[in-house]
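Trainee: Enclosed is the structure file structure37.cif (mmCIF, C-alpha atoms).
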```cif
data_model
#
loop_
_atom_site.label_atom_id
_atom_site.label_comp_id
_atom_site.auth_asym_id
_atom_site.auth_seq_id
_atom_site.Cartn_x
_atom_site.Cartn_y
_atom_site.Cartn_z
CA MET A 9 0.00 0.00 0.00
CA GLU A 10 1.31 3.47 -0.89
CA ARG A 11 2.26 5.84 1.91
CA VAL A 12 2.38 9.53 2.83
CA ASP A 13 5.26 10.77 5.02
CA VAL A 14 4.29 14.01 6.77
CA LYS A 15 7.09 16.03 8.33
CA VAL A 16 5.01 18.10 10.74
CA GLY A 17 7.90 20.35 11.76
CA PHE A 18 11.44 20.02 13.07
CA GLN A 19 11.14 20.94 16.73
CA CYS A 20 12.35 18.15 19.03
CA ASN A 21 13.10 17.50 22.69
CA ASN A 22 16.25 15.55 21.76
CA MET A 23 19.50 16.88 20.34
CA CYS A 24 20.74 13.75 18.57
CA LEU A 25 24.39 13.88 17.54
CA PHE A 26 23.55 12.20 14.22
CA CYS A 27 20.25 13.93 13.33
CA VAL A 28 19.75 13.75 9.57
CA GLN A 29 17.62 16.92 9.72
CA GLY A 30 20.68 18.97 10.63
CA ASN A 31 19.72 22.54 11.53
CA LYS A 32 16.18 22.48 10.11
CA ARG A 33 14.74 23.20 13.56
CA GLU A 34 16.32 26.65 13.32
CA ARG A 35 15.42 27.19 9.66
CA PHE A 36 11.79 26.13 9.38
CA ASP A 37 8.56 26.83 11.23
CA ASN A 38 6.18 24.06 12.21
CA ARG A 39 3.44 23.23 9.73
CA THR A 40 0.03 24.51 10.72
CA ASP A 41 -2.93 22.22 11.39
CA GLU A 42 -4.48 23.42 8.13
CA GLU A 43 -1.32 22.59 6.14
CA ILE A 44 -1.18 19.11 7.62
CA GLN A 45 -4.85 18.47 6.88
CA GLU A 46 -4.30 19.57 3.27
CA ILE A 47 -1.37 17.15 2.94
CA LEU A 48 -3.50 14.34 4.34
CA ARG A 49 -6.27 15.11 1.85
CA GLN A 50 -3.79 15.20 -1.02
CA GLY A 51 -2.48 11.79 0.01
CA ARG A 52 -5.97 10.31 -0.03
CA ASP A 53 -6.67 11.94 -3.40
CA GLU A 54 -3.60 10.08 -4.67
CA GLY A 55 -5.11 6.83 -3.38
CA ARG A 56 -2.62 6.35 -0.54
CA GLY A 57 -3.79 4.34 2.45
CA GLU A 58 -0.87 4.68 4.86
CA VAL A 59 0.45 7.75 6.67
CA VAL A 60 3.48 8.34 8.86
CA PHE A 61 3.66 11.36 11.14
CA THR A 62 7.29 12.32 11.59
CA GLY A 63 9.54 15.37 11.85
CA GLY A 64 11.37 16.49 13.90
CA GLU A 65 9.36 15.07 16.71
CA PRO A 66 5.59 14.80 16.12
CA THR A 67 4.83 14.32 19.83
CA PHE A 68 6.35 17.76 20.50
CA ARG A 69 2.79 19.00 19.85
CA PRO A 70 0.84 16.22 21.60
CA LYS A 71 -2.67 17.68 21.42
CA SER A 72 -2.27 18.58 17.76
CA LEU A 73 -0.89 15.12 16.96
CA ILE A 74 -4.00 13.48 18.40
CA GLU A 75 -6.18 15.71 16.18
CA TRP A 76 -4.09 14.93 13.07
CA VAL A 77 -4.44 11.22 13.77
CA LYS A 78 -8.21 11.57 14.21
CA TYR A 79 -8.48 13.42 10.92
CA ALA A 80 -6.34 10.84 9.11
CA LYS A 81 -8.62 8.09 10.35
CA GLU A 82 -11.76 10.04 9.43
CA ILE A 83 -10.69 10.45 5.80
CA GLY A 84 -9.81 6.81 5.36
CA TYR A 85 -6.16 6.05 6.17
CA GLU A 86 -5.89 2.41 7.19
CA SER A 87 -2.37 2.47 8.63
CA ILE A 88 -1.42 5.45 10.84
CA GLN A 89 2.15 5.35 12.13
CA ILE A 90 3.83 7.61 14.67
CA GLN A 91 7.58 7.90 14.07
CA THR A 92 9.00 9.25 17.31
CA ASN A 93 11.90 9.42 19.74
CA GLY A 94 9.49 7.59 22.05
CA ARG A 95 9.80 9.79 25.11
CA MET A 96 6.16 10.89 25.28
CA LEU A 97 5.08 7.26 24.96
CA SER A 98 6.24 6.77 28.55
CA TYR A 99 2.89 8.34 29.52
CA MET A 100 0.30 5.58 29.30
CA GLY A 101 -2.55 8.09 28.97
CA PHE A 102 -0.95 9.63 25.89
CA CYS A 103 -0.50 6.19 24.30
CA GLU A 104 -4.16 5.43 24.96
CA ALA A 105 -5.26 8.75 23.47
CA LEU A 106 -3.26 8.18 20.28
CA ILE A 107 -4.67 4.67 19.88
CA GLU A 108 -8.23 5.87 20.51
CA ALA A 109 -7.69 8.57 17.87
CA GLY A 110 -6.65 5.93 15.32
CA ALA A 111 -2.88 5.35 15.53
CA ASN A 112 -2.15 1.67 14.98
CA GLU A 113 1.61 1.50 14.37
CA PHE A 114 4.47 3.03 16.33
CA SER A 115 8.12 3.49 15.36
CA PRO A 116 10.17 4.65 18.36
CA ALA A 117 13.93 5.12 18.06
CA VAL A 118 16.29 3.21 20.36
CA HIS A 119 20.01 3.78 19.86
CA GLY A 120 21.62 1.79 22.66
CA SER A 121 21.08 -1.11 25.04
CA LYS A 122 21.61 1.15 28.05
CA ALA A 123 21.19 4.76 29.07
CA GLU A 124 24.92 5.49 28.87
CA ILE A 125 24.89 4.95 25.10
CA HIS A 126 21.36 5.98 24.11
CA ASP A 127 21.30 9.20 26.16
CA ARG A 128 24.74 10.22 24.90
CA LEU A 129 23.54 9.91 21.32
CA THR A 130 20.22 11.69 21.91
CA GLY A 131 21.70 14.45 24.06
CA ALA A 132 18.80 13.97 26.49
CA ALA A 133 19.32 12.53 29.96
CA GLY A 134 16.58 10.09 30.86
CA SER A 135 15.50 9.46 27.28
CA PHE A 136 16.48 5.78 27.39
CA GLY A 137 14.24 5.10 30.36
CA GLN A 138 11.39 6.95 28.69
CA VAL A 139 11.56 5.18 25.33
CA THR A 140 11.87 1.72 26.86
CA LYS A 141 8.93 2.42 29.16
CA GLY A 142 7.04 3.69 26.12
CA ILE A 143 7.62 0.42 24.29
CA MET A 144 6.42 -1.54 27.31
CA ASN A 145 3.29 0.65 27.47
CA LEU A 146 2.53 0.01 23.81
CA LYS A 147 3.02 -3.74 24.11
CA LYS A 148 0.68 -3.79 27.13
CA LEU A 149 -1.83 -2.11 24.84
CA ARG A 150 -1.16 -4.75 22.13
CA GLN A 151 0.23 -2.31 19.59
CA ARG A 152 2.55 -2.94 16.66
CA VAL A 153 6.01 -1.57 17.50
CA MET A 154 8.83 -1.26 14.95
CA THR A 155 12.00 0.32 16.30
CA ASN A 156 14.72 2.14 14.40
CA SER A 157 18.33 2.41 15.57
CA VAL A 158 20.91 4.60 13.82
CA VAL A 159 24.28 2.86 13.50
CA THR A 160 27.08 5.17 14.64
CA LYS A 161 30.67 4.91 15.79
CA ILE A 162 29.44 5.27 19.37
CA ASN A 163 26.98 2.37 19.35
CA TYR A 164 27.91 -0.14 16.64
CA LYS A 165 29.67 -2.53 19.03
CA ASP A 166 26.56 -2.43 21.22
CA LEU A 167 24.19 -3.61 18.48
CA PRO A 168 24.07 -7.26 19.62
CA ASP A 169 23.13 -6.18 23.16
CA LEU A 170 20.61 -3.73 21.70
CA ALA A 171 19.07 -6.58 19.69
CA ARG A 172 18.78 -8.64 22.88
CA LEU A 173 17.05 -5.75 24.61
CA LEU A 174 14.59 -5.24 21.77
CA VAL A 175 13.78 -8.94 21.64
CA SER A 176 13.17 -8.90 25.41
CA LEU A 177 10.80 -5.94 24.94
CA HIS A 178 8.85 -8.01 22.37
CA VAL A 179 9.06 -5.45 19.58
CA ASP A 180 7.48 -6.59 16.31
CA GLN A 181 10.45 -5.43 14.24
CA PHE A 182 13.78 -3.71 14.72
CA GLN A 183 15.93 -2.01 12.12
CA PHE A 184 19.58 -0.96 12.09
CA ALA A 185 19.93 2.10 9.83
CA PHE A 186 23.45 3.18 8.92
CA ILE A 187 23.97 6.86 9.70
CA HIS A 188 23.00 9.34 6.98
CA ILE A 189 25.64 12.06 7.14
CA ASN A 190 23.96 15.46 7.21
CA PRO A 191 25.67 18.67 5.95
CA ILE A 192 26.68 19.72 9.47
CA ILE A 193 28.44 16.44 10.20
CA GLY A 194 29.87 16.24 6.67
CA GLY A 195 31.52 19.63 7.02
CA ASN A 196 33.08 18.88 10.40
CA LYS A 197 36.06 16.47 10.47
CA GLU A 198 35.92 16.22 14.26
CA LYS A 199 32.26 15.15 14.16
CA ILE A 200 32.92 12.63 11.40
CA GLU A 201 35.72 11.10 13.47
CA MET A 202 33.44 10.94 16.52
CA ILE A 203 30.20 9.71 15.00
CA VAL A 204 30.67 7.95 11.64
CA PRO A 205 32.07 4.39 11.56
CA LYS A 206 33.39 2.51 8.57
CA VAL A 207 30.69 0.20 7.24
CA SER A 208 33.20 -2.66 7.20
CA ASP A 209 33.90 -2.12 10.91
CA ALA A 210 30.22 -2.07 11.84
CA ILE A 211 28.97 -4.95 9.69
CA PRO A 212 30.08 -7.86 11.95
CA PHE A 213 28.09 -6.34 14.81
CA ILE A 214 25.12 -5.59 12.55
CA ARG A 215 25.07 -9.24 11.44
CA GLU A 216 25.37 -10.48 15.02
CA GLY A 217 22.43 -8.31 16.01
CA LEU A 218 20.42 -9.64 13.07
CA ASP A 219 21.29 -13.21 14.07
CA ILE A 220 19.82 -12.56 17.52
CA GLY A 221 16.62 -11.24 15.99
CA ILE A 222 16.39 -14.08 13.49
CA LYS A 223 16.90 -16.74 16.17
CA SER A 224 14.15 -15.20 18.32
CA GLY A 225 11.69 -14.98 15.43
CA THR A 226 11.67 -11.17 15.55
CA ARG A 227 11.55 -9.46 12.18
CA CYS A 228 14.74 -7.45 11.69
CA MET A 229 16.14 -5.33 8.88
CA THR A 230 19.00 -3.04 7.87
CA GLU A 231 18.84 0.23 5.97
CA ALA A 232 21.52 1.97 3.87
CA VAL A 233 23.86 -1.04 4.01
CA PRO A 234 24.82 -2.12 0.46
CA TYR A 235 24.17 -5.72 -0.59
CA CYS A 236 27.89 -6.46 -0.95
CA MET A 237 28.09 -6.14 2.84
CA MET A 238 25.01 -8.32 3.35
CA ILE A 239 26.00 -11.61 1.68
CA GLY A 240 23.85 -14.31 3.30
CA TYR A 241 21.59 -11.63 4.78
CA GLU A 242 20.12 -10.23 1.57
CA LYS A 243 16.50 -10.69 2.63
CA TYR A 244 17.10 -8.41 5.62
CA VAL A 245 17.85 -5.37 3.42
CA ALA A 246 14.94 -3.01 4.04
CA GLU A 247 15.11 -1.20 0.70
CA ARG A 248 13.85 -4.31 -1.11
CA ILE A 249 10.47 -4.09 0.66
CA MET A 250 10.02 -0.36 1.27
CA PRO A 251 6.64 0.94 0.04
CA GLU A 252 6.22 3.78 -2.42
CA VAL A 253 6.22 6.97 -0.32
CA HIS A 254 5.26 10.58 -1.02
CA VAL A 255 7.40 12.66 1.37
CA PHE A 256 6.21 16.13 2.31
CA ASP A 257 9.47 17.70 3.49
CA ALA A 258 10.29 21.32 4.26
CA GLU A 259 12.58 21.96 1.30
CA GLU A 260 10.92 19.81 -1.32
CA ASP A 261 7.90 17.66 -2.06
CA ILE A 262 9.26 14.23 -3.03
CA LYS A 263 6.51 12.33 -4.81
CA ASP A 264 8.46 9.06 -5.16
CA TYR A 265 11.00 8.62 -2.39
CA SER A 266 12.30 5.33 -3.84
CA LYS A 267 13.36 7.12 -7.04
CA TYR A 268 14.80 9.98 -4.98
CA ARG A 269 16.94 7.56 -2.95
CA GLN A 270 18.15 5.76 -6.06
CA ASN A 271 18.79 8.82 -8.23
CA GLN A 272 19.81 11.51 -5.73
CA GLY A 273 20.23 10.17 -2.21
CA LYS A 274 22.37 7.07 -2.78
CA ALA A 275 25.44 6.48 -4.94
CA LYS A 276 27.07 3.75 -6.99
CA GLY A 277 30.81 3.28 -7.21
CA PRO A 278 33.10 2.63 -10.18
CA ARG A 279 32.96 -1.15 -9.70
CA CYS A 280 29.26 -1.51 -8.83
CA LYS A 281 28.40 -2.45 -12.43
CA GLU A 282 30.55 -5.58 -11.97
CA CYS A 283 28.39 -6.72 -9.03
CA SER A 284 25.72 -9.39 -9.39
CA MET A 285 23.53 -7.39 -6.98
CA ASN A 286 23.82 -4.10 -8.87
CA GLY A 287 20.24 -4.24 -10.11
CA GLU A 288 18.79 -4.61 -6.60
CA CYS A 289 21.28 -2.54 -4.59
CA GLU A 290 20.86 1.20 -4.10
CA GLY A 291 24.39 1.70 -2.76
CA PRO A 292 25.31 3.73 0.35
CA TRP A 293 24.13 7.26 1.08
CA LYS A 294 26.17 9.39 -1.34
CA GLU A 295 27.90 11.36 1.43
CA TYR A 296 29.64 8.26 2.77
CA PRO A 297 31.92 7.45 -0.20
CA GLU A 298 32.59 11.16 -0.69
CA ILE A 299 34.37 10.96 2.67
CA PHE A 300 35.57 7.35 2.91
CA GLY A 301 35.87 6.28 -0.72
CA TRP A 302 34.83 2.97 -2.33
CA ASP A 303 37.64 0.56 -1.42
CA GLU A 304 35.70 -1.42 1.19
CA PHE A 305 32.82 -2.22 -1.21
CA GLU A 306 33.76 -5.34 -3.17
CA PRO A 307 31.49 -6.44 -6.06
CA VAL A 308 29.66 -9.72 -5.55
CA ALA A 309 30.83 -12.16 -8.20
CA LYS A 310 28.32 -12.96 -10.92
CA GLN A 311 27.42 -16.63 -11.20
CA LYS A 312 28.61 -18.28 -14.40
#
```
Take the structure I supplied and represent it as structure tokens, if you would.
Mentor:
Amino acid sequence: MERVDVKVGFQCNNMCLFCVQGNKRERFDNRTDEEIQEILRQGRDEGRGEVVFTGGEPTFRPKSLIEWVKYAKEIGYESIQIQTNGRMLSYMGFCEALIEAGANEFSPAVHGSKAEIHDRLTGAAGSFGQVTKGIMNLKKLRQRVMTNSVVTKINYKDLPDLARLLVSLHVDQFQFAFIHINPIIGGNKEKIEMIVPKVSDAIPFIREGLDIGIKSGTRCMTEAVPYCMMIGYEKYVAERIMPEVHVFDAEEDIKDYSKYRQNQGKAKGPRCKECSMNGECEGPWKEYPEIFGWDEFEPVAKQK
């Protein structure tokens, strides 16, 4: 089913070291209720049945979020997802209000197996306790929970322990998404050194985390990890199953995000055409090889 991705604004109660939105919270105002309703109507006019409320942090305006969810349900969206840092979900009453309004899928972000790691990455003391409590609240309410974890230099060795935590919390799916280097990070050598790992360094820990999920029967995926790094784990590459999405962003209206990723967001290297997976693979985010080059990406041999 086709999806609408609504960036409601870029205000947030976290200050994540890796935030892909960069400095948008300083550059753009929040969308008004009327603007969001118009986007939702446009999505339905296009025949889309799924919507994701994201940002920024959509729960930053909790009362408004409940009204947006109600409106989305009223006009016929079947799947209504909240993509969030998860902190407000620690309040059971807020979870119940969102569900009553029509939300039926939640995607909180968890970036470490313990507060020391997660809170360092989010820049918000106490955020680990809040997001984990939020997940427990949602599972008590029998909701579908799909977590996202950004893979960074600070947390990649922790990914197996993070997978164990997520399995113990009974999430329906977890995803390890390799960091997307924003312009602020990309222009700062000190930040790159602190936050961005080599894919080849992170991949053994990504695979170990996936193995834990697979063994437990928990659905698990990666994002922005090229196929040449995923030999034997190809079916856990998220890009192969991502739906068609119309993204309403601040700077541009991206009607087909899959094409945007493939043609503008991701990159292919000089040897990618030799790879047997070239047709399926989108490559890494383009900023990564601009900094680290292509040497670690070895083409997968074509079968004779």
Trainee: When you look at Glu306 (chain A) with a cut-off of 12 Å (counting all atoms listed in the file), what residues show up, excluding the ones that are within fewer than 6 positions of it in the same chain? I need them as a list in words.
Mentor: Ser208, Pro234, Tyr235, Cys236, Met237, Met238, Ile239, Lys276, Gly277, Pro278, Arg279, Cys280, Lys281, Glu282, Cys283, Ser284, Met285, Asn286 and Gly291 of chain A
Trainee: Once you have the residues from the selection above, write them out as a PDB file, in the frame of the given file, restricted to C-alpha atoms.
Mentor:
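Result file selection13.pdb:
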```pdb
ATOM      1  CA  SER A 208      33.200  -2.660   7.200  1.00  0.00           C
ATOM      2  CA  PRO A 234      24.820  -2.120   0.460  1.00  0.00           C
ATOM      3  CA  TYR A 235      24.170  -5.720  -0.590  1.00  0.00           C
ATOM      4  CA  CYS A 236      27.890  -6.460  -0.950  1.00  0.00           C
ATOM      5  CA  MET A 237      28.090  -6.140   2.840  1.00  0.00           C
ATOM      6  CA  MET A 238      25.010  -8.320   3.350  1.00  0.00           C
ATOM      7  CA  ILE A 239      26.000 -11.610   1.680  1.00  0.00           C
ATOM      8  CA  LYS A 276      27.070   3.750  -6.990  1.00  0.00           C
ATOM      9  CA  GLY A 277      30.810   3.280  -7.210  1.00  0.00           C
ATOM     10  CA  PRO A 278      33.100   2.630 -10.180  1.00  0.00           C
ATOM     11  CA  ARG A 279      32.960  -1.150  -9.700  1.00  0.00           C
ATOM     12  CA  CYS A 280      29.260  -1.510  -8.830  1.00  0.00           C
ATOM     13  CA  LYS A 281      28.400  -2.450 -12.430  1.00  0.00           C
ATOM     14  CA  GLU A 282      30.550  -5.580 -11.970  1.00  0.00           C
ATOM     15  CA  CYS A 283      28.390  -6.720  -9.030  1.00  0.00           C
ATOM     16  CA  SER A 284      25.720  -9.390  -9.390  1.00  0.00           C
ATOM     17  CA  MET A 285      23.530  -7.390  -6.980  1.00  0.00           C
ATOM     18  CA  ASN A 286      23.820  -4.100  -8.870  1.00  0.00           C
ATOM     19  CA  GLY A 291      24.390   1.700  -2.760  1.00  0.00           C
TER      20      GLY A 291
END
```
Trainee: Show me, as number ranges by chain, the residues that have an atom within 7 Å of region 70-78 of chain A when counting only C-alpha atoms, minus same-chain residues fewer than 3 positions from it.
Mentor: A: 66-67, 81-82, 106, 109-111
Trainee: Please identify all polymer residues within 6 Å of region 161-163 of chain A, counting all atoms listed in the file, omitting same-chain residues fewer than 3 positions from it, and present them as a PDB file with C-alpha atoms, in the coordinates of the input.
Mentor:
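As a result, part_20.pdb now contains:
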```pdb
ATOM      1  CA  ASP A 166      26.560  -2.430  21.220  1.00  0.00           C
ATOM      2  CA  ILE A 203      30.200   9.710  15.000  1.00  0.00           C
ATOM      3  CA  VAL A 204      30.670   7.950  11.640  1.00  0.00           C
ATOM      4  CA  PRO A 205      32.070   4.390  11.560  1.00  0.00           C
TER       5      PRO A 205
END
```
Trainee: Translate the PyMOL selection byres ((chain A and resi 146-152) around 9) into a concrete residue list for this structure, as a PyMOL selection string.
Mentor: chain A and resi 97+100+103-104+107+112-115+141-145+153-154+177-181
Trainee: Could you state the separation of CA of Gln19 (chain A) and CA of Asn196 (chain A) in Å, given to one decimal place?
Mentor: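 Straight-line distance from CA of Gln19 (chain A) to CA of Asn196 (chain A) works out to 22.9 Å.
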Trainee: What does the structure give for the distance between CA of Arg248 (chain A) and CA of Pro307 (chain A), in Å to one decimal?
Mentor: 18.4 Å
Trainee: Take region 263-291 of chain A from the preceding structure and save N, CA and C atoms as a PDB file, in the first residue's frame.
Mentor:
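Output saved as selection.pdb:
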```
ATOM      1  N   LYS A 263       7.672  13.155  -4.500  1.00  0.00           N
ATOM      2  CA  LYS A 263       6.506  12.330  -4.805  1.00  0.00           C
ATOM      3  C   LYS A 263       6.821  10.839  -4.846  1.00  0.00           C
ATOM      4  N   ASP A 264       8.064  10.474  -5.143  1.00  0.00           N
ATOM      5  CA  ASP A 264       8.459   9.061  -5.160  1.00  0.00           C
ATOM      6  C   ASP A 264       9.805   8.947  -4.456  1.00  0.00           C
ATOM      7  N   TYR A 265       9.770   8.616  -3.175  1.00  0.00           N
ATOM      8  CA  TYR A 265      11.005   8.618  -2.393  1.00  0.00           C
ATOM      9  C   TYR A 265      11.957   7.507  -2.824  1.00  0.00           C
ATOM     10  N   SER A 266      11.425   6.400  -3.353  1.00  0.00           N
ATOM     11  CA  SER A 266      12.303   5.334  -3.843  1.00  0.00           C
ATOM     12  C   SER A 266      13.181   5.855  -4.977  1.00  0.00           C
ATOM     13  N   LYS A 267      12.582   6.551  -5.924  1.00  0.00           N
ATOM     14  CA  LYS A 267      13.361   7.120  -7.036  1.00  0.00           C
ATOM     15  C   LYS A 267      14.337   8.175  -6.541  1.00  0.00           C
ATOM     16  N   TYR A 268      13.905   8.960  -5.542  1.00  0.00           N
ATOM     17  CA  TYR A 268      14.797   9.977  -4.977  1.00  0.00           C
ATOM     18  C   TYR A 268      16.030   9.319  -4.366  1.00  0.00           C
ATOM     19  N   ARG A 269      15.802   8.264  -3.559  1.00  0.00           N
ATOM     20  CA  ARG A 269      16.937   7.558  -2.953  1.00  0.00           C
ATOM     21  C   ARG A 269      17.885   7.052  -4.025  1.00  0.00           C
ATOM     22  N   GLN A 270      17.326   6.406  -5.036  1.00  0.00           N
ATOM     23  CA  GLN A 270      18.150   5.762  -6.060  1.00  0.00           C
ATOM     24  C   GLN A 270      18.877   6.761  -6.950  1.00  0.00           C
ATOM     25  N   ASN A 271      18.232   7.881  -7.261  1.00  0.00           N
ATOM     26  CA  ASN A 271      18.786   8.824  -8.235  1.00  0.00           C
ATOM     27  C   ASN A 271      19.529  10.003  -7.619  1.00  0.00           C
ATOM     28  N   GLN A 272      19.196  10.342  -6.357  1.00  0.00           N
ATOM     29  CA  GLN A 272      19.813  11.509  -5.732  1.00  0.00           C
ATOM     30  C   GLN A 272      20.433  11.213  -4.367  1.00  0.00           C
ATOM     31  N   GLY A 273      19.769  10.385  -3.578  1.00  0.00           N
ATOM     32  CA  GLY A 273      20.233  10.169  -2.206  1.00  0.00           C
ATOM     33  C   GLY A 273      21.381   9.196  -2.080  1.00  0.00           C
ATOM     34  N   LYS A 274      21.336   8.115  -2.859  1.00  0.00           N
ATOM     35  CA  LYS A 274      22.366   7.066  -2.778  1.00  0.00           C
ATOM     36  C   LYS A 274      23.350   7.204  -3.935  1.00  0.00           C
ATOM     37  N   ALA A 275      24.416   6.395  -3.896  1.00  0.00           N
ATOM     38  CA  ALA A 275      25.445   6.480  -4.935  1.00  0.00           C
ATOM     39  C   ALA A 275      25.922   5.086  -5.307  1.00  0.00           C
ATOM     40  N   LYS A 276      26.422   4.974  -6.515  1.00  0.00           N
ATOM     41  CA  LYS A 276      27.065   3.748  -6.992  1.00  0.00           C
ATOM     42  C   LYS A 276      28.524   4.057  -7.311  1.00  0.00           C
ATOM     43  N   GLY A 277      29.387   3.088  -7.001  1.00  0.00           N
ATOM     44  CA  GLY A 277      30.810   3.281  -7.211  1.00  0.00           C
ATOM     45  C   GLY A 277      31.284   2.792  -8.559  1.00  0.00           C
ATOM     46  N   PRO A 278      32.558   2.993  -8.860  1.00  0.00           N
ATOM     47  CA  PRO A 278      33.102   2.634 -10.177  1.00  0.00           C
ATOM     48  C   PRO A 278      33.031   1.143 -10.480  1.00  0.00           C
ATOM     49  N   ARG A 279      32.977   0.288  -9.451  1.00  0.00           N
ATOM     50  CA  ARG A 279      32.957  -1.152  -9.695  1.00  0.00           C
ATOM     51  C   ARG A 279      31.576  -1.769  -9.476  1.00  0.00           C
ATOM     52  N   CYS A 280      30.585  -0.954  -9.131  1.00  0.00           N
ATOM     53  CA  CYS A 280      29.261  -1.507  -8.829  1.00  0.00           C
ATOM     54  C   CYS A 280      28.657  -2.249 -10.025  1.00  0.00           C
ATOM     55  N   LYS A 281      28.963  -1.790 -11.236  1.00  0.00           N
ATOM     56  CA  LYS A 281      28.400  -2.447 -12.432  1.00  0.00           C
ATOM     57  C   LYS A 281      28.911  -3.872 -12.596  1.00  0.00           C
ATOM     58  N   GLU A 282      30.020  -4.216 -11.914  1.00  0.00           N
ATOM     59  CA  GLU A 282      30.555  -5.580 -11.972  1.00  0.00           C
ATOM     60  C   GLU A 282      29.806  -6.518 -11.024  1.00  0.00           C
ATOM     61  N   CYS A 283      29.001  -5.962 -10.127  1.00  0.00           N
ATOM     62  CA  CYS A 283      28.389  -6.716  -9.034  1.00  0.00           C
ATOM     63  C   CYS A 283      27.106  -7.412  -9.480  1.00  0.00           C
ATOM     64  N   SER A 284      26.930  -8.642  -9.046  1.00  0.00           N
ATOM     65  CA  SER A 284      25.721  -9.387  -9.393  1.00  0.00           C
ATOM     66  C   SER A 284      24.478  -8.813  -8.733  1.00  0.00           C
ATOM     67  N   MET A 285      24.658  -7.988  -7.694  1.00  0.00           N
ATOM     68  CA  MET A 285      23.531  -7.395  -6.977  1.00  0.00           C
ATOM     69  C   MET A 285      23.248  -5.963  -7.420  1.00  0.00           C
ATOM     70  N   ASN A 286      23.924  -5.509  -8.463  1.00  0.00           N
ATOM     71  CA  ASN A 286      23.820  -4.104  -8.872  1.00  0.00           C
ATOM     72  C   ASN A 286      22.384  -3.678  -9.176  1.00  0.00           C
ATOM     73  N   GLY A 287      21.615  -4.583  -9.761  1.00  0.00           N
ATOM     74  CA  GLY A 287      20.241  -4.239 -10.112  1.00  0.00           C
ATOM     75  C   GLY A 287      19.342  -4.017  -8.916  1.00  0.00           C
ATOM     76  N   GLU A 288      19.605  -4.745  -7.814  1.00  0.00           N
ATOM     77  CA  GLU A 288      18.792  -4.614  -6.598  1.00  0.00           C
ATOM     78  C   GLU A 288      19.327  -3.551  -5.640  1.00  0.00           C
ATOM     79  N   CYS A 289      20.630  -3.383  -5.602  1.00  0.00           N
ATOM     80  CA  CYS A 289      21.276  -2.544  -4.587  1.00  0.00           C
ATOM     81  C   CYS A 289      21.160  -1.060  -4.933  1.00  0.00           C
ATOM     82  N   GLU A 290      20.905  -0.253  -3.907  1.00  0.00           N
ATOM     83  CA  GLU A 290      20.860   1.199  -4.100  1.00  0.00           C
ATOM     84  C   GLU A 290      22.206   1.854  -3.809  1.00  0.00           C
ATOM     85  N   GLY A 291      23.126   1.118  -3.174  1.00  0.00           N
ATOM     86  CA  GLY A 291      24.391   1.703  -2.761  1.00  0.00           C
ATOM     87  C   GLY A 291      24.263   2.421  -1.429  1.00  0.00           C
TER      88      GLY A 291
END
```
